[in-house]
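> Below you will find the structure I want to go over with you.
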Amino acid sequence: MSFSHLGLSEKVLAAVAATGYKTPTPIQDQAIPHVLARRDVLGIAQTGTGKTAAFVLPMLTMLETGRARARMPRTLILEPTRELAAQVEESFIKYGANHNKLNVALIIGGVSFDDQDAKLMRGVDVLIATPGRLLDHNERGRLLLSGVELLVIDEADRMLDMGFIPDIERICKLVPFTRQTLFFTATMPPEIRRITEQFLSNPVRVEVSKPATTVAATTQLLARSGRDGAEKRDTLRRLIRSAEGMKNAIIFCNRKRDVATLHRSLLRHGFSVQALHGDMDQSARTAALEQFRKNEVTLLVASDVAARGLDIPDVSHIYNFDVPIHADDYVHRIGRTGRAGRNGTAITIVAGSNDAKAVAAIEKLIGQTIPYMDKIPGTPAEPQHEPKHEPRHEQRHEPRNEPRNEPRQTARPPQRGGRHEHQRRPQQPERRPPSQQQPAPVARIEEARSRRAPPPVRKPMDDGDASHLPAFLLRPVTVKA
Ligand code: AMP
C-alpha cells in the first residue's frame, strides 16, 4: 500500500516521496484517513512507529486552506519536552517542503517571552508548545486559544510522568469544544484513560505496537559487577572495549549526577562521549544530541528523562549503567537500539541484590529471562587505576534506593505558583547573561530550512529556565491549496 490512497494532498505526497518513504507505517495507514475526516483519534503508539507523520501529514493537508489570525493559532501541538517539540518542528519542515507560506512556531520555555510574543502576533498556523510556557502566554493575554481547530496531545503518558496533566486539562478547556483532538500515548494508565474519556469525542482508536523486528533484533544481556561506582565504571569500560559491531552506544544512568560523573570518567579514559541530562542548559543538550546523531561522538551518557522519546536512529548498543528503577523504562531504553530491523545489543550492569530484584521485575514485564554474560572480557582494574582526579564521592557506594534526580512525578504534580516550566524542575541550570540569548523563536519555514544545516548555537536564557530551542518568525500568509 502506498501513501496515495490516504487522502493526502499532492503537495504532501510530493514531500513524502522526496523523503524516500514508500509505504505508510501502520499508525499512518490507520490514523491519517480518520484525521482527514476530522475524527478525534486516540493513537496508542510509541516513538519509532512513525506517529509524528501520522498527524503532521494530514495537518499539512488540512492547513492548505484558510489562514492564521494574530494571536490565534489554528492548530496546537503539545509536547512534553523541548527536544520533542523541536523534532515535531523538524517534521513540519521536512514534510512541509512544499508549503512555503505555512507558519510554524515553537512556544517553549527558556526563550524570551517578548520574541515569542512578537511572533505570535503575526499569526501562526501550527503552534508547537510545551504546556507551561503556553499557559504563561495565555495568562498574559498574549495568546488566544479560541481559534484552535485541531489539538494534538503527544506523548501523553510522558506528560503524566512529568506532572503536566493538570496543565493539559486546563489547556483542553481553553481550546474550543468543537475542535478536533488527536491524542497519542504509548501506554494507557488510568489517569490517561480518564483524560481521553473527558476530552476526546467518540475517538477512533488506533493501536500499534513497535515493529516486531525491534525486539527480535536486540540481543539482551546482563553483566555482573561490583557495586562500587568505580567498579561499575570499570565493568562498563570493559564491556565497551570488547563490544562487537560497536557503532555507537547510549549509556543510561538513573540519576543526573551519575550521568555527569560517568561522562567525566569516560572522557578521562579517552572515550568519545557526550552527556545528556535535564540539568544541562539547552544549548549543551542540543549540541550533545547533534554530535551523537552525526556520529561525531560514539557514546552518549543519558538519563531517562532527557533521552525519552527522542528519535535517535541506528544505535548499535545500549548499556544500562544502572538498572532502571521502573521496569517500563527498561523497555524504553532498549527500544533505542535494534530499530528499523537493524541488530542491536542491550547490556544491563547488575550490581548487587537490589539490582537483581529490579531485573526480575523487568523480566516479568517483558515476559522473558535475560541471560547473564559468562565473562566480561578484560581484566578488572584495581580501584587505584581510576584516574587520580576522580571526585572522591564517586568511589562511595550509593544506596540503590536513593531517589534519582529525575523522578517520575506520577504521584503529585508540582504545585504551580508561577507558570515557568523551570519551576517544575528539580534542579536549575546556571543563569547566563542576556547577551547569550536565543535567536528569535518564530520564523518563516523558509528561514528554518536555511538554518538547518549546522546545529545552531543556542544560548540559554536569562530567566534561568533550562529549556529553549529555536523556532520561527512567521508572517501570516494565506496558504494556497
Ligand atoms: P516517530 O515515531 O514519529 O518518531 O518516527 C520514527 C522514525 O520513522 C522517524 O525517523 C521518521 O522519519 C521515520 N518514518 C516515519 N514514517 C516513515 C515511513 N512511512 N517509512 C519509513 N520511515 C518512516
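Letters A, B, ... go to the chains of the C-alpha cells in the order shown; residues in each chain start at 1; ligands are counted from 1 in the same order.
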With a cut-off of 7 Å, could you pull out the residues of chain A touching ligand 1 and give me the nearest pair of atoms for each, distance in Å to one decimal, using only C-alpha atoms and all ligand atoms, ordered by chain and ascending number, as a tab-separated table?

residue	atom	partner	partner_atom_place_in_ligand_line	distance
A:Tyr21	CA	ligand 1	20 (N)	4.5
A:Lys22	CA	ligand 1	20 (N)	6.4
A:Thr23	CA	ligand 1	19 (N)	5.1
A:Pro24	CA	ligand 1	19 (N)	3.9
A:Thr25	CA	ligand 1	19 (N)	4.7
A:Gln46	CA	ligand 1	2 (O)	6.4
A:Thr47	CA	ligand 1	2 (O)	3.8
A:Gly48	CA	ligand 1	2 (O)	3.4
A:Thr49	CA	ligand 1	2 (O)	4.0
A:Gly50	CA	ligand 1	2 (O)	3.4
A:Lys51	CA	ligand 1	3 (O)	4.2
A:Thr52	CA	ligand 1	3 (O)	3.6
A:Ala53	CA	ligand 1	3 (O)	5.7
A:Asp311	CA	ligand 1	4 (O)	5.3
A:Pro313	CA	ligand 1	10 (O)	6.6
> Could you give me, as a PyMOL selection string, the residues within 8 Å of A:His317, counting only C-alpha atoms and dropping anything in the same chain fewer than 5 positions from it?
chain A and resi 246-250+337+344-347
> Can you tell me, as a ChimeraX atom specification, what residues are no more than 8 Å from stretch 257-274 of chain A when counting only C-alpha atoms, ignoring any on the same chain fewer than 2 positions away?
/A:233,237,252-255,276-277,288,291-292,297-303,387,390,394,405
> Can you tell me, as number ranges by chain, what residues are no more than 12 Å from A:Ala37 when counting only C-alpha atoms, ignoring any on the same chain fewer than 6 positions away?
A: 6-8, 31, 58-59, 61-62, 180, 203-204
> Save the residues we just selected, N, CA and C atoms, as a tab-separated table (two decimals), in the first residue's frame?

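For reference, again34.tsv as written:
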chain	number	residue	atom	x	y	z
A	6	LEU	N	-4.33	7.52	0.97
A	6	LEU	CA	-4.71	8.01	2.29
A	6	LEU	C	-5.52	9.30	2.26
A	7	GLY	N	-5.54	9.97	1.11
A	7	GLY	CA	-6.31	11.22	1.00
A	7	GLY	C	-5.46	12.46	1.24
A	8	LEU	N	-4.14	12.31	1.24
A	8	LEU	CA	-3.25	13.45	1.46
A	8	LEU	C	-3.17	14.30	0.19
A	31	ALA	N	-4.40	5.91	10.92
A	31	ALA	CA	-4.87	7.17	11.51
A	31	ALA	C	-5.15	8.26	10.47
A	58	PRO	N	-1.48	14.77	7.67
A	58	PRO	CA	-2.85	15.26	7.45
A	58	PRO	C	-3.03	16.71	7.88
A	59	MET	N	-2.29	17.15	8.90
A	59	MET	CA	-2.40	18.56	9.30
A	59	MET	C	-1.96	19.47	8.17
A	61	THR	N	-2.05	18.85	5.05
A	61	THR	CA	-3.09	18.80	4.02
A	61	THR	C	-4.24	19.73	4.41
A	62	MET	N	-4.67	19.64	5.65
A	62	MET	CA	-5.84	20.42	6.07
A	62	MET	C	-5.54	21.91	6.14
A	180	GLN	N	-11.01	19.43	16.82
A	180	GLN	CA	-10.65	18.02	16.62
A	180	GLN	C	-9.46	17.71	17.53
A	203	PRO	N	-13.69	8.98	19.85
A	203	PRO	CA	-12.46	8.84	19.06
A	203	PRO	C	-12.34	7.50	18.35
A	204	VAL	N	-11.63	7.53	17.23
A	204	VAL	CA	-11.20	6.29	16.58
A	204	VAL	C	-9.96	5.83	17.33
